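Source file model-v7.cif; content: mmCIF, C-alpha atoms.
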data_input
loop_
_atom_site.label_atom_id
_atom_site.label_comp_id
_atom_site.auth_asym_id
_atom_site.auth_seq_id
_atom_site.Cartn_x
_atom_site.Cartn_y
_atom_site.Cartn_z
CA MET G 1 -6.93 15.74 5.88
CA GLY G 2 -7.02 13.10 3.17
CA VAL G 3 -8.30 9.58 3.58
CA LYS G 4 -4.86 8.00 3.47
CA GLU G 5 -3.43 10.31 6.12
CA ILE G 6 -6.46 9.68 8.35
CA ILE G 7 -5.88 5.94 8.04
CA THR G 8 -2.42 6.29 9.51
CA VAL G 9 -3.51 8.52 12.39
CA ILE G 10 -6.15 5.96 13.35
CA SER G 11 -3.58 3.17 13.04
CA VAL G 12 -1.27 4.88 15.49
CA LEU G 13 -4.08 5.57 17.96
CA LEU G 14 -5.18 1.94 17.87
CA LEU G 15 -1.63 0.83 18.57
CA LEU G 16 -1.25 3.26 21.44
CA PHE G 17 -4.60 2.32 22.96
CA PRO G 18 -5.21 -1.35 22.10
CA SER G 19 -7.90 -1.73 24.74
CA THR G 20 -10.15 0.40 22.56
CA VAL G 21 -10.09 -2.23 19.82
CA LYS G 22 -13.35 -4.10 20.35
CA PRO G 23 -14.72 -6.97 18.27
CA ARG G 24 -18.08 -6.84 16.61
CA ALA G 25 -19.78 -10.13 16.00
CA VAL G 26 -21.68 -11.35 12.98
CA GLY G 27 -24.91 -13.11 13.78
CA GLY G 28 -24.61 -12.95 17.57
CA ALA G 29 -22.57 -11.83 20.54
CA GLN G 30 -18.94 -12.81 20.94
CA PRO G 31 -17.79 -14.76 23.96
CA ALA G 32 -15.66 -12.81 26.41
CA GLY G 33 -12.40 -11.68 24.85
CA GLY G 34 -13.88 -11.31 21.37
CA ALA G 35 -11.75 -11.13 18.28
CA GLN G 36 -8.56 -10.17 20.02
CA GLY G 37 -5.77 -12.39 21.24
CA GLY G 38 -2.42 -12.22 22.99
CA ALA G 39 -0.17 -14.48 25.03
CA PRO G 40 -1.59 -14.75 28.56
CA GLY G 41 -0.22 -18.14 29.55
CA GLY G 42 1.69 -21.15 28.26
CA GLY G 43 0.91 -23.61 25.48
CA GLY G 44 2.33 -26.67 23.86
CA GLY G 45 2.83 -25.51 20.29
CA GLY G 46 2.19 -27.87 17.39
CA THR G 47 -0.63 -27.68 14.83
CA LEU G 48 -3.94 -26.05 15.72
CA ASP G 49 -6.82 -26.63 13.30
CA VAL G 50 -9.58 -24.04 13.71
CA VAL G 51 -12.23 -26.50 12.49
CA ALA G 52 -11.17 -29.77 14.12
CA GLN G 53 -10.07 -28.28 17.45
CA PHE G 54 -11.88 -24.95 17.84
CA GLY G 55 -15.27 -25.50 16.24
CA ALA G 56 -15.05 -23.24 13.19
CA LYS G 57 -17.50 -23.97 10.39
CA ALA G 58 -16.94 -23.35 6.69
CA ASP G 59 -20.58 -22.53 6.01
CA GLU G 60 -20.24 -18.79 5.19
CA LYS G 61 -22.61 -18.10 8.10
CA THR G 62 -20.82 -18.98 11.32
CA ASP G 63 -18.33 -16.36 12.45
CA LEU G 64 -14.73 -17.60 12.34
CA SER G 65 -13.65 -14.85 14.70
CA GLN G 66 -13.73 -16.60 18.07
CA PRO G 67 -12.32 -19.97 16.92
CA LEU G 68 -9.47 -18.15 15.17
CA LEU G 69 -8.69 -15.97 18.17
CA ASN G 70 -8.84 -18.91 20.57
CA ALA G 71 -6.34 -20.73 18.35
CA TRP G 72 -4.20 -17.58 18.21
CA LYS G 73 -4.12 -17.20 21.98
CA GLU G 74 -2.95 -20.77 22.40
CA ALA G 75 -0.31 -20.51 19.67
CA CYS G 76 0.95 -17.13 20.84
CA ALA G 77 1.33 -18.38 24.42
CA SER G 78 3.53 -21.30 23.37
CA PRO G 79 7.33 -20.96 23.54
CA ALA G 80 7.51 -23.77 20.97
CA PRO G 81 6.74 -23.07 17.27
CA SER G 82 3.01 -23.25 16.53
CA GLN G 83 0.98 -23.48 13.34
CA ILE G 84 -2.65 -22.43 12.96
CA VAL G 85 -4.49 -24.09 10.07
CA ILE G 86 -7.56 -22.59 8.41
CA PRO G 87 -8.49 -25.51 6.13
CA ALA G 88 -10.15 -25.50 2.72
CA GLY G 89 -13.65 -24.09 2.63
CA THR G 90 -15.27 -20.65 2.81
CA PHE G 91 -15.48 -18.91 6.18
CA LEU G 92 -17.19 -15.74 7.33
CA LEU G 93 -15.00 -13.54 9.55
CA SER G 94 -16.41 -10.47 11.27
CA ARG G 95 -13.06 -9.19 12.54
CA ALA G 96 -9.79 -10.49 13.98
CA VAL G 97 -7.09 -8.70 15.96
CA MET G 98 -4.06 -10.94 16.48
CA GLU G 99 -1.99 -9.33 19.22
CA GLY G 100 1.59 -10.02 20.19
CA PRO G 101 4.13 -10.23 21.48
CA CYS G 102 4.15 -14.01 21.32
CA LYS G 103 6.39 -16.38 23.26
CA GLY G 104 7.44 -18.33 20.15
CA PRO G 105 7.14 -18.19 16.36
CA VAL G 106 3.63 -18.55 14.91
CA ASP G 107 2.74 -19.69 11.40
CA ILE G 108 -0.74 -19.41 9.89
CA GLN G 109 -1.72 -21.69 7.03
CA VAL G 110 -4.68 -20.16 5.20
CA GLN G 111 -5.92 -22.85 2.84
CA GLY G 112 -9.52 -21.67 2.51
CA THR G 113 -11.30 -18.44 1.64
CA ILE G 114 -12.04 -15.93 4.42
CA LYS G 115 -14.80 -13.45 3.65
CA ALA G 116 -15.59 -10.14 5.30
CA PRO G 117 -19.16 -8.95 5.86
CA PRO G 118 -20.08 -7.21 2.59
CA ASP G 119 -21.97 -4.32 4.18
CA PRO G 120 -19.50 -1.58 5.17
CA SER G 121 -21.90 -0.32 7.85
CA HIS G 122 -21.04 -3.46 9.86
CA PHE G 123 -17.66 -1.92 10.70
CA LYS G 124 -17.15 0.85 13.24
CA ASP G 125 -13.61 1.57 12.05
CA ASP G 126 -11.18 0.55 9.30
CA ILE G 127 -10.00 -2.74 10.82
CA TRP G 128 -10.91 -6.18 9.51
CA VAL G 129 -7.78 -8.36 10.03
CA ILE G 130 -4.74 -7.10 11.89
CA PHE G 131 -1.47 -8.67 13.08
CA ASN G 132 0.13 -6.50 15.72
CA ARG G 133 3.57 -6.48 17.43
CA ILE G 134 4.73 -9.99 16.54
CA GLU G 135 8.22 -11.34 15.90
CA GLY G 136 8.92 -14.35 13.68
CA PHE G 137 5.48 -14.46 12.06
CA THR G 138 4.79 -16.39 8.84
CA MET G 139 1.64 -16.85 6.77
CA SER G 140 1.05 -18.91 3.62
CA GLY G 141 -1.16 -21.71 2.30
CA GLY G 142 -2.66 -20.44 -0.96
CA GLY G 143 -5.77 -19.02 0.73
CA ILE G 144 -7.78 -15.88 0.07
CA PHE G 145 -8.84 -12.86 2.13
CA ASP G 146 -11.97 -11.57 0.39
CA GLY G 147 -13.04 -8.12 1.53
CA GLN G 148 -16.31 -8.23 -0.48
CA GLY G 149 -15.88 -4.52 -1.11
CA ALA G 150 -18.27 -3.71 -3.96
CA LEU G 151 -20.78 -1.90 -1.74
CA ALA G 152 -18.04 0.24 -0.23
CA TRP G 153 -16.65 1.39 -3.59
CA SER G 154 -19.97 2.93 -4.55
CA LYS G 155 -20.12 4.78 -1.20
CA ASN G 156 -16.56 6.12 -1.34
CA ASP G 157 -16.74 9.93 -1.54
CA CYS G 158 -13.33 10.73 -0.07
CA HIS G 159 -12.36 12.60 -3.24
CA LYS G 160 -14.83 15.35 -2.24
CA ASN G 161 -15.55 14.82 1.45
CA LYS G 162 -12.75 15.39 3.96
CA LYS G 163 -14.85 13.75 6.69
CA CYS G 164 -15.58 10.67 4.64
CA THR G 165 -16.13 7.23 6.14
CA LEU G 166 -13.00 5.09 6.28
CA PHE G 167 -13.70 1.56 5.18
CA PRO G 168 -11.78 -1.49 6.43
CA ILE G 169 -8.37 -2.45 5.13
CA ASN G 170 -8.18 -6.15 4.30
CA ILE G 171 -4.97 -6.96 6.21
CA ARG G 172 -2.86 -4.78 8.49
CA PHE G 173 0.67 -5.73 9.51
CA ASN G 174 1.69 -3.42 12.37
CA TYR G 175 5.08 -3.50 14.07
CA LEU G 176 6.09 -6.96 12.88
CA THR G 177 9.73 -8.06 12.95
CA ASN G 178 11.16 -10.80 10.72
CA ALA G 179 7.92 -11.76 8.98
CA TYR G 180 7.36 -13.74 5.78
CA ILE G 181 4.04 -13.78 3.91
CA HIS G 182 3.79 -15.86 0.74
CA ASP G 183 1.26 -17.58 -1.51
CA ILE G 184 -1.65 -15.55 -0.16
CA THR G 185 -4.32 -13.61 -2.08
CA THR G 186 -6.20 -10.52 -0.98
CA LYS G 187 -9.12 -9.45 -3.14
CA ASP G 188 -11.96 -6.96 -3.36
CA SER G 189 -10.85 -4.90 -0.38
CA LYS G 190 -13.10 -2.09 0.74
CA GLN G 191 -10.06 0.17 1.07
CA PHE G 192 -6.32 -0.73 1.02
CA ASN G 193 -5.59 -4.41 0.52
CA VAL G 194 -2.51 -4.41 2.75
CA ASN G 195 -1.11 -1.77 5.09
CA VAL G 196 2.43 -2.22 6.47
CA LEU G 197 3.22 0.10 9.38
CA GLY G 198 6.26 0.17 11.65
CA CYS G 199 7.60 -3.19 10.44
CA LYS G 200 11.20 -4.37 10.28
CA ASN G 201 12.33 -7.08 7.87
CA ILE G 202 9.05 -8.22 6.32
CA THR G 203 8.84 -10.06 3.00
CA PHE G 204 5.95 -10.69 0.63
CA GLU G 205 6.49 -13.31 -2.07
CA HIS G 206 4.11 -14.85 -4.60
CA PHE G 207 1.52 -12.50 -3.18
CA THR G 208 -1.60 -11.68 -5.18
CA VAL G 209 -3.83 -8.62 -5.06
CA SER G 210 -7.04 -8.68 -7.10
CA ASN G 211 -9.35 -5.67 -7.15
CA PRO G 212 -11.17 -4.22 -10.16
CA GLU G 213 -9.95 -1.05 -11.79
CA HIS G 214 -12.97 0.96 -10.62
CA SER G 215 -12.42 0.22 -6.90
CA LEU G 216 -11.39 3.50 -5.27
CA ASN G 217 -8.54 3.83 -2.72
CA THR G 218 -7.67 0.14 -2.85
CA ASP G 219 -3.87 0.27 -2.86
CA GLY G 220 -2.28 -3.13 -3.25
CA ILE G 221 0.45 -2.84 -0.62
CA HIS G 222 1.01 0.41 1.24
CA ILE G 223 4.20 0.85 3.26
CA GLY G 224 4.83 3.46 5.95
CA ARG G 225 7.55 3.96 8.56
CA SER G 226 9.03 0.53 7.95
CA ASP G 227 12.61 -0.65 7.43
CA GLY G 228 13.51 -3.64 5.29
CA VAL G 229 10.37 -4.40 3.27
CA THR G 230 10.77 -6.81 0.35
CA ILE G 231 8.10 -7.60 -2.26
CA LEU G 232 8.98 -10.34 -4.73
CA HIS G 233 7.38 -12.12 -7.70
CA SER G 234 3.86 -10.92 -7.06
CA GLU G 235 0.84 -9.88 -9.13
CA ILE G 236 -1.14 -6.78 -8.24
CA LYS G 237 -4.32 -5.62 -9.96
CA THR G 238 -6.24 -2.83 -8.30
CA GLY G 239 -7.98 0.53 -8.58
CA ASP G 240 -5.19 2.59 -7.02
CA ASP G 241 -1.42 2.29 -6.55
CA CYS G 242 -0.13 -1.24 -6.90
CA ILE G 243 2.53 -0.38 -4.32
CA SER G 244 2.76 2.90 -2.43
CA LEU G 245 5.49 4.10 -0.10
CA GLY G 246 4.79 6.72 2.54
CA ASP G 247 7.15 8.63 4.77
CA GLY G 248 9.66 6.63 6.78
CA SER G 249 9.96 3.89 4.16
CA LYS G 250 13.56 2.67 4.24
CA ASN G 251 15.46 -0.13 2.53
CA VAL G 252 12.56 -1.29 0.38
CA VAL G 253 13.10 -3.79 -2.46
CA VAL G 254 10.39 -4.43 -5.06
CA ASN G 255 11.39 -7.02 -7.67
CA GLY G 256 9.52 -9.07 -10.24
CA ILE G 257 6.11 -7.42 -9.84
CA SER G 258 3.31 -7.44 -12.38
CA CYS G 259 1.26 -4.26 -11.84
CA GLY G 260 -1.95 -3.33 -13.58
CA PRO G 261 -4.57 -2.16 -13.81
CA GLY G 262 -4.01 0.50 -11.21
CA HIS G 263 -2.04 3.69 -10.67
CA GLY G 264 1.47 2.24 -10.83
CA ILE G 265 4.20 2.24 -8.18
CA SER G 266 4.46 5.47 -6.15
CA ILE G 267 6.69 7.07 -3.56
CA GLY G 268 4.64 9.69 -1.72
CA SER G 269 2.92 11.94 -1.59
CA LEU G 270 5.34 13.54 0.82
CA GLY G 271 5.42 16.74 2.86
CA LYS G 272 1.80 17.30 3.78
CA TYR G 273 2.35 16.81 7.52
CA GLN G 274 4.93 18.04 9.99
CA GLY G 275 7.33 15.45 11.35
CA GLU G 276 7.33 13.07 8.42
CA GLU G 277 10.30 10.73 8.45
CA PRO G 278 12.87 10.49 5.61
CA VAL G 279 12.47 8.07 2.74
CA ALA G 280 15.71 6.32 1.77
CA GLY G 281 17.07 3.22 0.07
CA ILE G 282 14.34 2.24 -2.42
CA LYS G 283 14.95 -0.13 -5.35
CA ILE G 284 12.21 -1.02 -7.82
CA ALA G 285 13.42 -3.49 -10.49
CA ASN G 286 12.34 -6.12 -13.00
CA CYS G 287 8.70 -5.08 -13.01
CA THR G 288 6.04 -5.00 -15.73
CA ILE G 289 3.45 -2.23 -15.52
CA THR G 290 0.40 -2.61 -17.78
CA ASN G 291 -2.60 -0.38 -18.54
CA THR G 292 -2.05 1.92 -15.55
CA MET G 293 -2.52 5.63 -14.97
CA ASN G 294 1.12 6.01 -13.91
CA GLY G 295 4.27 3.96 -14.14
CA VAL G 296 6.92 4.82 -11.55
CA ARG G 297 6.33 8.01 -9.63
CA ILE G 298 7.74 10.24 -6.87
CA LYS G 299 5.45 13.00 -5.61
CA SER G 300 5.44 15.72 -2.99
CA TRP G 301 3.11 18.56 -2.12
CA PRO G 302 3.85 22.21 -2.86
CA ALA G 303 4.04 24.46 0.19
CA SER G 304 5.07 21.36 2.11
CA TYR G 305 6.74 20.77 5.43
CA PRO G 306 10.47 20.07 5.07
CA GLY G 307 11.73 16.56 4.48
CA THR G 308 14.01 14.35 2.40
CA ALA G 309 13.80 11.40 0.05
CA SER G 310 16.99 9.89 -1.33
CA ASP G 311 18.55 6.82 -2.92
CA MET G 312 15.53 5.84 -5.03
CA HIS G 313 16.23 3.65 -8.04
CA PHE G 314 14.00 2.28 -10.79
CA GLU G 315 15.57 -0.25 -13.15
CA ASP G 316 14.65 -2.81 -15.82
CA ILE G 317 10.98 -1.90 -16.02
CA THR G 318 8.63 -2.63 -18.92
CA MET G 319 5.75 -0.22 -19.56
CA ASP G 320 2.76 -1.45 -21.56
CA ASN G 321 0.22 1.25 -22.46
CA VAL G 322 0.96 3.38 -19.38
CA SER G 323 -0.40 6.94 -19.35
CA ASN G 324 2.49 8.56 -17.42
CA PRO G 325 5.46 6.15 -17.39
CA ILE G 326 8.08 8.23 -15.51
CA ILE G 327 7.11 11.01 -13.11
CA ILE G 328 8.73 13.19 -10.50
CA ASP G 329 6.02 15.63 -9.46
CA GLN G 330 6.81 18.12 -6.70
CA GLN G 331 3.69 20.09 -7.51
CA TYR G 332 1.32 17.25 -6.72
CA CYS G 333 -2.02 18.93 -6.21
CA PRO G 334 -5.13 16.82 -6.73
CA TRP G 335 -8.34 18.83 -6.96
CA ASN G 336 -6.27 22.05 -6.51
CA GLN G 337 -6.34 21.68 -2.73
CA CYS G 338 -2.96 23.29 -2.15
CA ASP G 339 -0.84 26.40 -2.68
CA LEU G 340 1.11 26.14 -5.91
CA LYS G 341 2.74 29.52 -5.34
CA ASN G 342 5.08 28.12 -2.68
CA PRO G 343 7.47 25.32 -3.68
CA SER G 344 7.78 21.93 -2.05
CA ARG G 345 10.37 21.71 0.72
CA ILE G 346 11.00 18.00 0.19
CA LYS G 347 14.58 17.58 -0.97
CA LEU G 348 14.93 14.77 -3.53
CA SER G 349 18.38 13.37 -4.29
CA ASN G 350 20.22 10.40 -5.77
CA ILE G 351 17.48 9.11 -8.09
CA SER G 352 17.94 6.89 -11.12
CA PHE G 353 15.72 5.57 -13.91
CA LYS G 354 17.52 2.91 -15.96
CA ASN G 355 16.44 0.62 -18.78
CA ILE G 356 12.80 1.63 -18.78
CA ARG G 357 11.14 0.62 -22.03
CA GLY G 358 7.77 0.10 -23.63
CA THR G 359 4.71 2.06 -24.69
CA ALA G 360 3.05 5.17 -23.32
CA ALA G 361 -0.68 5.81 -23.51
CA GLY G 362 -0.10 9.57 -23.24
CA LYS G 363 2.22 11.92 -25.07
CA GLU G 364 4.11 13.09 -21.98
CA ALA G 365 6.17 9.96 -21.34
CA VAL G 366 8.71 11.54 -18.98
CA LYS G 367 7.87 14.31 -16.53
CA ILE G 368 10.45 15.56 -14.03
CA ILE G 369 9.06 18.57 -12.20
CA CYS G 370 11.27 19.33 -9.21
CA SER G 371 10.93 21.98 -6.53
CA ALA G 372 11.98 25.53 -7.38
CA GLY G 373 13.08 25.97 -3.77
CA PHE G 374 14.91 22.65 -3.44
CA PRO G 375 15.90 21.44 -6.92
CA CYS G 376 16.45 17.73 -7.40
CA GLU G 377 20.06 16.57 -7.18
CA GLY G 378 21.77 13.47 -8.55
CA VAL G 379 19.06 12.47 -11.03
CA GLU G 380 20.15 9.98 -13.70
CA LEU G 381 18.29 8.60 -16.72
CA ALA G 382 19.87 5.84 -18.78
CA ASP G 383 18.50 3.73 -21.63
CA ILE G 384 14.98 5.13 -21.74
CA ASP G 385 12.89 3.97 -24.72
CA LEU G 386 9.22 4.88 -24.48
CA THR G 387 7.09 5.14 -27.60
CA TYR G 388 3.76 6.85 -28.14
CA THR G 389 1.76 6.41 -31.34
CA GLY G 390 -1.20 8.72 -30.68
CA PRO G 391 -2.49 11.24 -33.24
CA ASP G 392 -0.85 14.23 -31.51
CA GLY G 393 2.67 13.12 -32.35
CA PRO G 394 5.59 11.28 -30.74
CA ALA G 395 6.32 11.11 -27.02
CA ILE G 396 7.84 14.12 -25.27
CA SER G 397 9.44 14.92 -21.92
CA GLN G 398 9.15 17.91 -19.62
CA CYS G 399 11.57 18.99 -16.93
CA SER G 400 12.08 21.81 -14.46
CA ASN G 401 14.56 22.52 -11.65
CA VAL G 402 16.71 19.52 -12.52
CA SER G 403 19.89 18.87 -14.50
CA PRO G 404 19.87 15.13 -15.01
CA LYS G 405 22.77 12.96 -16.04
CA LEU G 406 21.84 11.23 -19.32
CA SER G 407 23.33 8.15 -20.95
CA GLY G 408 22.35 5.50 -23.47
CA LYS G 409 19.22 5.79 -25.56
CA GLN G 410 16.90 8.68 -24.72
CA ASN G 411 13.50 8.27 -26.32
CA PRO G 412 11.86 10.69 -25.94
CA PRO G 413 14.72 13.20 -25.74
CA ILE G 414 14.94 13.93 -22.03
CA CYS G 415 14.42 17.51 -20.86
CA ALA G 416 14.09 18.74 -24.45
CA ALA G 417 10.91 20.72 -23.72
CA PRO G 418 10.25 23.32 -21.00
CA ALA G 419 7.80 22.61 -18.23
CA PRO G 420 4.39 24.27 -18.49
CA THR G 421 4.30 27.67 -16.80
CA SER G 422 1.36 26.79 -14.56
CA PRO G 423 1.30 23.05 -14.00
CA GLY G 424 -1.72 21.82 -12.08
CA GLY G 425 -0.41 18.57 -10.72
CA GLN G 426 0.12 15.41 -12.73
CA ALA G 427 -1.34 14.68 -16.11
CA GLY G 428 -4.36 12.48 -16.28
CA PRO G 429 -7.20 12.06 -13.79
CA ALA G 430 -6.35 12.58 -10.16
CA LYS G 431 -6.45 9.80 -7.61
CA ALA G 432 -9.52 9.15 -5.54
CA SER G 433 -8.17 10.76 -2.40
CA PRO G 434 -8.55 14.38 -1.30
CA GLY G 435 -5.16 14.39 0.42
CA GLY G 436 -3.28 12.05 -1.83
CA LYS G 437 -1.15 9.71 0.19
CA ALA G 438 0.94 11.79 2.48
CA SER G 439 1.26 10.46 5.94
CA PRO G 440 2.62 9.60 9.06
CA GLY G 441 2.78 6.16 7.49
CA ALA G 442 0.39 6.34 4.58
CA THR G 443 0.48 7.72 1.03
CA ALA G 444 -1.59 8.30 -2.14
#
Please express the file's structure as structure tokens.
Amino acid sequence: MGVKEIITVISVLLLLFPSTVKPRAVGGAQPAGGAQGGAPGGGGGGTLDVVAQFGAKADEKTDLSQPLLNAWKEACASPAPSQIVIPAGTFLLSRAVMEGPCKGPVDIQVQGTIKAPPDPSHFKDDIWVIFNRIEGFTMSGGGIFDGQGALAWSKNDCHKNKKCTLFPINIRFNYLTNAYIHDITTKDSKQFNVNVLGCKNITFEHFTVSNPEHSLNTDGIHIGRSDGVTILHSEIKTGDDCISLGDGSKNVVVNGISCGPGHGISIGSLGKYQGEEPVAGIKIANCTITNTMNGVRIKSWPASYPGTASDMHFEDITMDNVSNPIIIDQQYCPWNQCDLKNPSRIKLSNISFKNIRGTAAGKEAVKIICSAGFPCEGVELADIDLTYTGPDGPAISQCSNVSPKLSGKQNPPICAAPAPTSPGGQAGPAKASPGGKASPGATA
């Protein structure tokens, strides 16, 4: 089982058994209740300042956990709208689990910088900050969630160890309905920056992700089993996928994103586990992808469980020095940990790539490798103009098990070359995950 699949399994277990989620203090024991809050009684709403009213200290030593959770409990218990303010300054936070459901809408204004303990051994699981089962939640303020992940990146061996340690995700949004997160930064996560699981109608806008290129398994925003996710006008720099969509992602809009460095924008990997939910209704548009391993990508495992992914559209995208700009890869097989003799049973249909232009860092600018058992249907490429100026000649494309509809400019000529007889997964170095990103709710 790969790291990204394990993450999702743990997420589901934590949701099913919330009483097992225990806080762990920094610099001393937590008061009763720890870093976990819900709505036990009634409150008056209004503005709740964690420093002025709950004793938090911006000294990078005193744990913010209990003041934040005390403020959360009061806000969540109020039927009137409440706002929690984390003012300017730098705070140390050991862990925070914000539980719903709440009696009224809650807004968090993060104006300062919140730092995680840098040592990954502090954490017993992969939770740092989590918002769980809340309706009408908003968060903004221009603040920063700093995972201080450098020590974790050097310890990440999940590309070779199936029982590797799972490091904390910076922010988890689990089972939120009608949420809006804007003008927030997450940086230097130990693992994913953001994980979205089981949400309905959640929007990210003017959202920033900042991780270095060498940080392993630090997806910008990962989406799984969620309906109605919108990501707008955001900047994502990371060491893995800028945005990744796992099984059950439906009605997802990504518009106006700057991505890179990283591994591009990916759907999948799909089909590794039984019972994965369909992917449908994805639109990626008006994005710029720069200096990444991949551009826009759909991937599924060979010898997979059955499943479907449909209505996926990529439009008006600029590629700048991208190694693999356009990819459908149904033989996704990092580190040869799969059976290439049996085709993928994920059925892909109604897919379009339109007005995708720019420069490729590798010769194979377009790669559409569909399943021999379930060929792709309804694939369209229009106005593709990708140039490659390397010493081994102009850009090329490769296709198999697909008959795409072509229109407008086609540079390179689409499906003009046969696929290799024994493809071994995607071109370029594989991602730092032994199982890619298949899931219940997580991908690679």
Give one line per residue of segment 215-250 of chain G that approaches segment 265-288 of chain G to at most 6 Å, naming the two atoms of the closest pair and their distance in Å to one decimal, counting all atoms listed in the file; sort by chain then ascending residue number and deliver it as JSON lines.
{"residue": "G:Asp241", "atom": "CA", "partner": "G:Ile265", "partner_atom": "CA", "distance": 5.9}
{"residue": "G:Cys242", "atom": "CA", "partner": "G:Ile265", "partner_atom": "CA", "distance": 5.7}
{"residue": "G:Ile243", "atom": "CA", "partner": "G:Ile265", "partner_atom": "CA", "distance": 5.0}
{"residue": "G:Ser244", "atom": "CA", "partner": "G:Ser266", "partner_atom": "CA", "distance": 4.8}
{"residue": "G:Leu245", "atom": "CA", "partner": "G:Ile267", "partner_atom": "CA", "distance": 4.7}
{"residue": "G:Gly246", "atom": "CA", "partner": "G:Gly268", "partner_atom": "CA", "distance": 5.2}
{"residue": "G:Asp247", "atom": "CA", "partner": "G:Glu277", "partner_atom": "CA", "distance": 5.3}
{"residue": "G:Gly248", "atom": "CA", "partner": "G:Glu277", "partner_atom": "CA", "distance": 4.5}
{"residue": "G:Ser249", "atom": "CA", "partner": "G:Val279", "partner_atom": "CA", "distance": 5.1}
{"residue": "G:Lys250", "atom": "CA", "partner": "G:Ala280", "partner_atom": "CA", "distance": 4.9}
So that I have them on file, write out the residues from the current selection with C-alpha atoms, as a PDB file, keeping the file's coordinate frame.
ATOM      1  CA  ASP G 241      -1.420   2.290  -6.550  1.00  0.00           C
ATOM      2  CA  CYS G 242      -0.130  -1.240  -6.900  1.00  0.00           C
ATOM      3  CA  ILE G 243       2.530  -0.380  -4.320  1.00  0.00           C
ATOM      4  CA  SER G 244       2.760   2.900  -2.430  1.00  0.00           C
ATOM      5  CA  LEU G 245       5.490   4.100  -0.100  1.00  0.00           C
ATOM      6  CA  GLY G 246       4.790   6.720   2.540  1.00  0.00           C
ATOM      7  CA  ASP G 247       7.150   8.630   4.770  1.00  0.00           C
ATOM      8  CA  GLY G 248       9.660   6.630   6.780  1.00  0.00           C
ATOM      9  CA  SER G 249       9.960   3.890   4.160  1.00  0.00           C
ATOM     10  CA  LYS G 250      13.560   2.670   4.240  1.00  0.00           C
TER      11      LYS G 250
END
Atomic separation - atom CA of Gly262 of chain G relative to atom CA of Lys237 of chain G, Å:
6.3 Å
Min atom-atom distance to Cys333 of chain G from the set G:Thr318, G:Ser304, G:Asn174, G:Ser234, counting only C-alpha atoms, belongs to G:Ser304
Expansion of the PyMOL selection byres ((chain G and resi 233) around 8) into residues, as a ChimeraX atom specification
/G:205-207,231-232,234-235,255-258
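The shell of residues at most 7 Å from Leu340 of chain G, with all atoms listed in the file counted and near chain neighbours (fewer than 2 positions) removed, consists of Pro302, Ala303, Gln331, Cys338, Asn342 and Pro343 of chain G.
Distances to Ile108 of chain G were evaluated for G:Thr387, G:Thr47, G:Thr165, G:Gln53 using only C-alpha atoms, and the minimum falls at G:Thr47.
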Could you list, as a ChimeraX atom specification, every residue matched by the PyMOL selection byres ((chain G and resi 330) around 9) in this structure?
/G:269-270,298-302,328-329,331-333,343-346,368-371,425
Near-segment 352-355 of chain G list (10 Å; all atoms listed in the file; drop same-chain fewer than 4 positions) as an mmCIF file with C-alpha atoms, keeping the file's coordinate frame:
data_model
loop_
_atom_site.group_PDB
_atom_site.id
_atom_site.type_symbol
_atom_site.label_atom_id
_atom_site.label_comp_id
_atom_site.auth_asym_id
_atom_site.auth_seq_id
_atom_site.Cartn_x
_atom_site.Cartn_y
_atom_site.Cartn_z
ATOM 1 C CA LYS G 283 14.950 -0.130 -5.350
ATOM 2 C CA ILE G 284 12.210 -1.020 -7.820
ATOM 3 C CA ALA G 285 13.420 -3.490 -10.490
ATOM 4 C CA ASN G 286 12.340 -6.120 -13.000
ATOM 5 C CA VAL G 296 6.920 4.820 -11.550
ATOM 6 C CA ASP G 311 18.550 6.820 -2.920
ATOM 7 C CA MET G 312 15.530 5.840 -5.030
ATOM 8 C CA HIS G 313 16.230 3.650 -8.040
ATOM 9 C CA PHE G 314 14.000 2.280 -10.790
ATOM 10 C CA GLU G 315 15.570 -0.250 -13.150
ATOM 11 C CA ASP G 316 14.650 -2.810 -15.820
ATOM 12 C CA ILE G 317 10.980 -1.900 -16.020
ATOM 13 C CA THR G 318 8.630 -2.630 -18.920
ATOM 14 C CA ILE G 326 8.080 8.230 -15.510
ATOM 15 C CA GLY G 378 21.770 13.470 -8.550
ATOM 16 C CA VAL G 379 19.060 12.470 -11.030
ATOM 17 C CA GLU G 380 20.150 9.980 -13.700
ATOM 18 C CA LEU G 381 18.290 8.600 -16.720
ATOM 19 C CA ALA G 382 19.870 5.840 -18.780
ATOM 20 C CA ASP G 383 18.500 3.730 -21.630
ATOM 21 C CA ILE G 384 14.980 5.130 -21.740
ATOM 22 C CA ASP G 385 12.890 3.970 -24.720
ATOM 23 C CA PRO G 404 19.870 15.130 -15.010
ATOM 24 C CA LYS G 405 22.770 12.960 -16.040
ATOM 25 C CA LEU G 406 21.840 11.230 -19.320
ATOM 26 C CA SER G 407 23.330 8.150 -20.950
ATOM 27 C CA GLY G 408 22.350 5.500 -23.470
ATOM 28 C CA LYS G 409 19.220 5.790 -25.560
#
If the PyMOL selection byres ((chain G and resi 363) around 7) were run on this exact file, what residues would it hold? Put them as a list in words.
Ala361, Gly362, Glu364, Ala365, Tyr388, Pro394, Ala395 and Ile396 of chain G
Gap from atom CA of Asp125 of chain G to atom CA of Thr238 of chain G - Å, one decimal
22.1 Å
For a test of reading the model, state the distance in Å between atom CA of Gly220 of chain G and atom CA of Thr208 of chain G, rounded to one decimal.
8.8 Å
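With all atoms listed in the file as the atoms that count, the minimum distance from Pro79 of chain G to the choices G:Val252, G:Val129, G:Ala150, G:Val106 is reached by G:Val106.
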